[in-house]
>>> print(open('target_0.cif').read())   # mmCIF, C-alpha atoms
data_work
#
loop_
_atom_site.label_atom_id
_atom_site.label_comp_id
_atom_site.auth_asym_id
_atom_site.auth_seq_id
_atom_site.Cartn_x
_atom_site.Cartn_y
_atom_site.Cartn_z
CA MET A 1 -10.66 -3.71 -4.43
CA THR A 2 -8.02 -1.17 -3.40
CA HIS A 3 -6.96 -1.69 0.21
CA LEU A 4 -5.93 1.60 1.87
CA VAL A 5 -2.98 1.56 4.27
CA LEU A 6 -1.84 4.48 6.42
CA ALA A 7 1.85 4.16 7.31
CA SER A 8 1.59 6.32 10.41
CA ALA A 9 0.83 6.06 14.12
CA SER A 10 -0.74 9.53 14.10
CA PRO A 11 -4.29 9.51 15.49
CA ALA A 12 -4.83 12.92 13.86
CA ARG A 13 -4.06 11.57 10.38
CA LEU A 14 -6.34 8.61 11.00
CA SER A 15 -9.09 10.97 12.12
CA VAL A 16 -8.76 13.07 8.94
CA LEU A 17 -9.11 9.98 6.75
CA ARG A 18 -12.06 8.71 8.75
CA GLY A 19 -13.69 12.11 8.45
CA ALA A 20 -13.18 11.82 4.69
CA GLY A 21 -15.11 8.56 4.63
CA VAL A 22 -12.46 5.85 4.63
CA GLU A 23 -11.17 3.41 7.23
CA PRO A 24 -7.53 2.60 6.47
CA THR A 25 -5.45 -0.22 7.84
CA VAL A 26 -2.78 1.34 10.06
CA ARG A 27 0.78 0.09 9.94
CA VAL A 28 3.56 2.01 11.69
CA SER A 29 6.93 2.28 9.99
CA GLY A 30 10.17 1.69 11.81
CA VAL A 31 12.37 4.10 9.89
CA ASP A 32 15.14 5.99 11.68
CA GLU A 33 14.16 9.57 10.87
CA ASP A 34 17.33 11.08 12.33
CA ALA A 35 19.50 8.77 10.22
CA ILE A 36 17.67 9.81 7.05
CA ILE A 37 18.01 13.49 7.91
CA ASP A 38 21.73 13.02 8.61
CA ARG A 39 22.16 11.22 5.30
CA LEU A 40 20.46 14.04 3.41
CA GLY A 41 22.79 16.54 5.05
CA PRO A 42 22.34 20.15 6.15
CA SER A 43 22.14 21.45 2.58
CA ALA A 44 18.97 19.48 1.77
CA ALA A 45 15.96 21.66 1.00
CA PRO A 46 13.26 21.50 3.72
CA ASP A 47 10.64 20.16 1.28
CA THR A 48 13.08 17.43 0.22
CA VAL A 49 13.54 16.37 3.84
CA VAL A 50 9.83 15.93 4.63
CA THR A 51 9.10 14.27 1.29
CA THR A 52 12.00 11.84 1.62
CA LEU A 53 10.86 10.89 5.12
CA ALA A 54 7.31 10.31 3.86
CA GLU A 55 8.59 8.09 1.07
CA ALA A 56 10.74 6.08 3.47
CA LYS A 57 7.82 5.50 5.82
CA ALA A 58 5.52 4.33 3.05
CA ARG A 59 8.08 1.92 1.60
CA ASP A 60 9.10 0.59 5.01
CA VAL A 61 5.72 -1.04 5.66
CA VAL A 62 5.44 -2.79 2.27
CA PRO A 63 7.31 -6.01 3.19
CA SER A 64 5.17 -6.59 6.27
CA LEU A 65 1.98 -5.98 4.26
CA VAL A 66 3.01 -8.54 1.67
CA ALA A 67 3.88 -11.00 4.45
CA GLU A 68 0.35 -10.55 5.81
CA GLY A 69 -1.13 -11.25 2.40
CA ILE A 70 -2.05 -7.63 1.65
CA THR A 71 -0.66 -7.57 -1.88
CA ASP A 72 -3.00 -5.11 -3.61
CA ALA A 73 -3.12 -1.81 -1.79
CA VAL A 74 -2.48 1.90 -1.73
CA VAL A 75 -0.01 2.97 0.96
CA ILE A 76 0.16 6.56 2.22
CA GLY A 77 3.16 7.87 4.14
CA CYS A 78 3.47 11.36 5.62
CA ASP A 79 5.90 13.48 7.57
CA SER A 80 5.38 16.95 9.00
CA MET A 81 7.84 19.54 10.28
CA LEU A 82 7.63 23.24 11.08
CA LEU A 83 9.89 25.61 9.14
CA ILE A 84 10.74 28.73 11.13
CA ASP A 85 13.76 31.01 10.80
CA GLY A 86 15.05 28.71 8.07
CA GLU A 87 15.19 25.66 10.35
CA LEU A 88 13.01 22.56 10.43
CA GLN A 89 11.52 21.58 13.75
CA GLY A 90 10.07 18.18 14.50
CA LYS A 91 8.68 16.86 17.78
CA PRO A 92 10.22 18.60 20.81
CA HIS A 93 9.90 15.55 23.13
CA THR A 94 10.65 17.56 26.30
CA VAL A 95 8.89 20.42 28.10
CA ASP A 96 11.99 22.60 28.03
CA VAL A 97 12.40 22.31 24.26
CA ALA A 98 8.69 22.90 23.66
CA ARG A 99 8.74 25.95 25.91
CA ARG A 100 11.71 27.46 24.06
CA ARG A 101 10.03 26.83 20.71
CA TRP A 102 6.80 28.45 21.79
CA ARG A 103 8.60 31.49 23.11
CA SER A 104 10.33 31.87 19.75
CA MET A 105 7.22 31.40 17.60
CA ALA A 106 4.52 33.13 19.72
CA GLY A 107 2.99 36.04 17.81
CA ARG A 108 4.85 35.04 14.65
CA SER A 109 4.25 33.00 11.51
CA ALA A 110 5.87 29.79 10.31
CA THR A 111 5.29 27.23 7.58
CA LEU A 112 4.10 23.73 8.37
CA LEU A 113 5.56 21.43 5.71
CA THR A 114 4.08 17.98 5.17
CA GLY A 115 5.62 15.43 2.85
CA HIS A 116 3.24 12.92 1.26
CA SER A 117 4.03 9.66 -0.49
CA VAL A 118 1.52 7.35 -2.19
CA LEU A 119 2.49 3.86 -3.37
CA ARG A 120 0.32 1.53 -5.42
CA LEU A 121 0.93 -2.13 -4.62
CA SER A 122 -0.17 -4.83 -7.05
CA ASP A 123 0.57 -8.54 -6.63
CA GLY A 124 3.00 -7.64 -3.88
CA ALA A 125 5.09 -5.19 -5.92
CA VAL A 126 5.13 -1.39 -6.04
CA VAL A 127 3.87 -0.60 -9.53
CA ALA A 128 3.40 3.16 -9.20
CA ASP A 129 4.41 5.91 -6.79
CA ALA A 130 3.87 9.65 -6.43
CA SER A 131 5.23 12.08 -3.86
CA ASP A 132 5.00 15.78 -3.10
CA HIS A 133 4.77 18.19 -0.20
CA SER A 134 2.38 20.87 0.97
CA GLY A 135 3.18 24.06 2.85
CA THR A 136 0.72 26.00 4.99
CA VAL A 137 1.55 29.26 6.77
CA VAL A 138 0.49 29.21 10.40
CA HIS A 139 0.00 32.46 12.31
CA PHE A 140 0.49 31.84 16.01
CA ALA A 141 -1.09 33.67 18.93
CA SER A 142 0.87 34.78 21.98
CA PRO A 143 -0.40 32.63 24.86
CA SER A 144 -0.01 33.98 28.37
CA ASP A 145 2.57 32.33 30.61
CA GLN A 146 -0.24 30.63 32.51
CA ASP A 147 -1.84 29.28 29.34
CA LEU A 148 1.47 28.15 27.90
CA GLU A 149 2.47 26.29 31.05
CA ALA A 150 -0.94 24.60 31.16
CA TYR A 151 -0.54 23.57 27.53
CA LEU A 152 2.95 22.21 28.15
CA ALA A 153 1.70 20.31 31.21
CA SER A 154 -0.91 18.58 29.04
CA GLY A 155 1.92 16.79 27.23
CA GLU A 156 0.33 17.37 23.83
CA PRO A 157 2.95 19.69 22.31
CA LEU A 158 5.78 17.29 23.18
CA LYS A 159 4.55 14.65 20.74
CA VAL A 160 3.72 16.69 17.62
CA ALA A 161 5.68 18.46 14.92
CA GLY A 162 6.25 22.11 15.70
CA ALA A 163 4.97 21.68 19.28
CA PHE A 164 1.37 22.48 18.38
CA THR A 165 -1.83 20.99 17.03
CA LEU A 166 -4.66 22.56 15.08
CA ASP A 167 -7.36 20.00 15.84
CA SER A 168 -6.88 19.71 19.61
CA LEU A 169 -5.66 21.82 22.54
CA GLY A 170 -3.19 23.78 20.44
CA GLY A 171 -5.99 25.13 18.28
CA TRP A 172 -6.60 27.82 20.89
CA PHE A 173 -3.25 29.36 20.00
CA VAL A 174 -3.50 29.44 16.20
CA GLU A 175 -4.78 32.77 14.86
CA LYS A 176 -5.19 31.84 11.19
CA LEU A 177 -3.86 29.74 8.34
CA GLU A 178 -2.83 30.38 4.76
CA GLY A 179 -3.21 27.08 2.95
CA ASP A 180 -4.73 23.66 3.55
CA PRO A 181 -5.91 23.03 7.14
CA SER A 182 -5.84 19.24 6.74
CA SER A 183 -2.13 19.30 5.89
CA VAL A 184 -1.47 21.08 9.21
CA ILE A 185 -3.24 18.21 10.97
CA GLY A 186 -0.84 15.91 9.17
CA ILE A 187 -2.35 14.72 5.88
CA GLY A 188 -3.49 17.09 3.15
CA LEU A 189 -6.57 15.71 1.42
CA PRO A 190 -6.29 17.90 -1.72
CA LEU A 191 -2.69 16.78 -2.28
CA VAL A 192 -3.41 13.13 -1.50
CA ARG A 193 -6.28 13.20 -3.99
CA ARG A 194 -3.88 14.40 -6.71
CA LEU A 195 -1.26 11.81 -5.78
CA LEU A 196 -3.86 9.04 -5.82
CA SER A 197 -4.88 10.15 -9.29
CA ASP A 198 -1.22 10.00 -10.33
CA VAL A 199 -1.08 6.33 -9.38
CA GLY A 200 -4.43 5.59 -11.03
CA VAL A 201 -6.74 5.46 -8.02
CA SER A 202 -9.94 7.49 -7.67
CA ILE A 203 -11.66 8.64 -4.49
CA ALA A 204 -14.72 6.68 -5.57
CA GLU A 205 -12.61 3.50 -5.55
CA LEU A 206 -11.34 4.25 -2.06
CA TRP A 207 -14.85 4.87 -0.76
CA ALA A 208 -16.09 1.63 -2.32
CA ALA A 209 -13.27 -0.50 -0.91
CA ASN A 210 -12.55 1.21 2.42
CA SER A 211 -15.87 2.62 3.55
CA LEU A 212 -16.38 3.14 7.28
CA ALA A 213 -19.55 1.09 6.90
CA ARG A 214 -17.84 -1.99 5.44
#
>>> encode(input="target_0.cif", output="C-alpha cells")
Amino acid sequence: MTHLVLASASPARLSVLRGAGVEPTVRVSGVDEDAIIDRLGPSAAPDTVVTTLAEAKARDVVPSLVAEGITDAVVIGCDSMLLIDGELQGKPHTVDVARRRWRSMAGRSATLLTGHSVLRLSDGAVVADASDHSGTVVHFASPSDQDLEAYLASGEPLKVAGAFTLDSLGGWFVEKLEGDPSSVIGIGLPLVRRLLSDVGVSIAELWAANSLAR
C-alpha cells in the first residue's frame, strides 16, 4: 500500500488531489524559503528556484514521517511563483505589496511556475525521486479600482503566489490560460502523474491505497 503525503499547507493543493480521487496525509515542511533562494543566488534560473524549493519541502517532512511510523510512502512537494518582467514573485504578505503587483500585472500576461518533487519512501529511506516544473501563461484582466480594493480587503491575494488565485475570488480577474490549470492552483496533475511513473507508482495504486472512501 502506497501512502500518499502532501508536504504543503495549501488548501488549494489538497482540494486538487481530493478532486482527483485521493486523500493524502498532510504534513507541512519547515524549510526557510528565503534562505534557499539566497543560497541559490540571483543568477539561478527561475525554474531551478521553484524546483529546488519543492524538493526541499518534500525532503524536509521525511524524518517526521519515519518517526511516526510512516515508512512506505510517496511524498509530494510543490512551490509556486509568478514570473513577470524577468522576476519571480511569491506571496506579497501585505496589502501595499499586493496592490503594487496587481497594478503592474493588470491587463498583462505572466507565467506561473510550479516546481514539483516526488519522493518514494520504502522502509524509511528515499529509494527514488523525480522533480520537474510546469509553466502556465496567465492572462490577467484589469480590475476596476473598486474591485481591486475589495479583492485586497478579502485578504486572499496576500497569502498566495503572485497575489492571485484561479479557483477562488481571484478567478474573476483571470482572462485565460495557456497551459495546465491545475498547476496554477498549485499542483499540476499531468506533471505529477509523470513524476509518479518515474518513481514506479501508478495512479491506480494511489486510488487503491488513498481513496477518499477508505
>>> atom_distance(input="target_0.cif", atom1="atom CA of A:Ser183", atom2="atom CA of A:Ser168")
14.5 Å
>>> atom_distance(input="target_0.cif", atom1="atom CA of A:Thr136", atom2="atom CA of A:Gln89")
14.6 Å
>>> resolve_selection(input="target_0.cif", expression="the PyMOL selection byres ((chain A and resi 171) around 12)", output="PyMOL selection string")
chain A and resi 138-141+143+151+156-157+163-170+172-177+181+184-185
>>> closest_residue(input="target_0.cif", among="A:Ala208, A:Val199, A:Asp147, A:Lys159", to="A:Pro11", atoms="all atoms listed in the file")
A:Lys159
>>> residues_around(input="target_0.cif", residues="stretch 95-100 of chain A", least_positions_apart="4", cutoff="9 Å", atoms="only C-alpha atoms", output="mmCIF file with C-alpha atoms, in the frame of the given file")
data_model
loop_
_atom_site.group_PDB
_atom_site.id
_atom_site.type_symbol
_atom_site.label_atom_id
_atom_site.label_comp_id
_atom_site.auth_asym_id
_atom_site.auth_seq_id
_atom_site.Cartn_x
_atom_site.Cartn_y
_atom_site.Cartn_z
ATOM 1 C CA LYS A 91 8.680 16.860 17.780
ATOM 2 C CA SER A 104 10.330 31.870 19.750
ATOM 3 C CA MET A 105 7.220 31.400 17.600
ATOM 4 C CA LEU A 148 1.470 28.150 27.900
ATOM 5 C CA GLU A 149 2.470 26.290 31.050
ATOM 6 C CA LEU A 152 2.950 22.210 28.150
ATOM 7 C CA ALA A 153 1.700 20.310 31.210
ATOM 8 C CA GLY A 155 1.920 16.790 27.230
ATOM 9 C CA PRO A 157 2.950 19.690 22.310
ATOM 10 C CA LEU A 158 5.780 17.290 23.180
ATOM 11 C CA GLY A 162 6.250 22.110 15.700
ATOM 12 C CA ALA A 163 4.970 21.680 19.280
#
>>> closest_residue(input="target_0.cif", among="A:Ala20, A:Val192, A:Ala44, A:Ala73", to="A:Trp207", atoms="only C-alpha atoms")
A:Ala20
>>> resolve_selection(input="target_0.cif", expression="the PyMOL selection byres ((chain A and resi 116) around 12)", output="NGL selection string")
:A and (6-8 or 13 or 47-58 or 75-80 or 113-115 or 117-119 or 129-135 or 183 or 186-196)
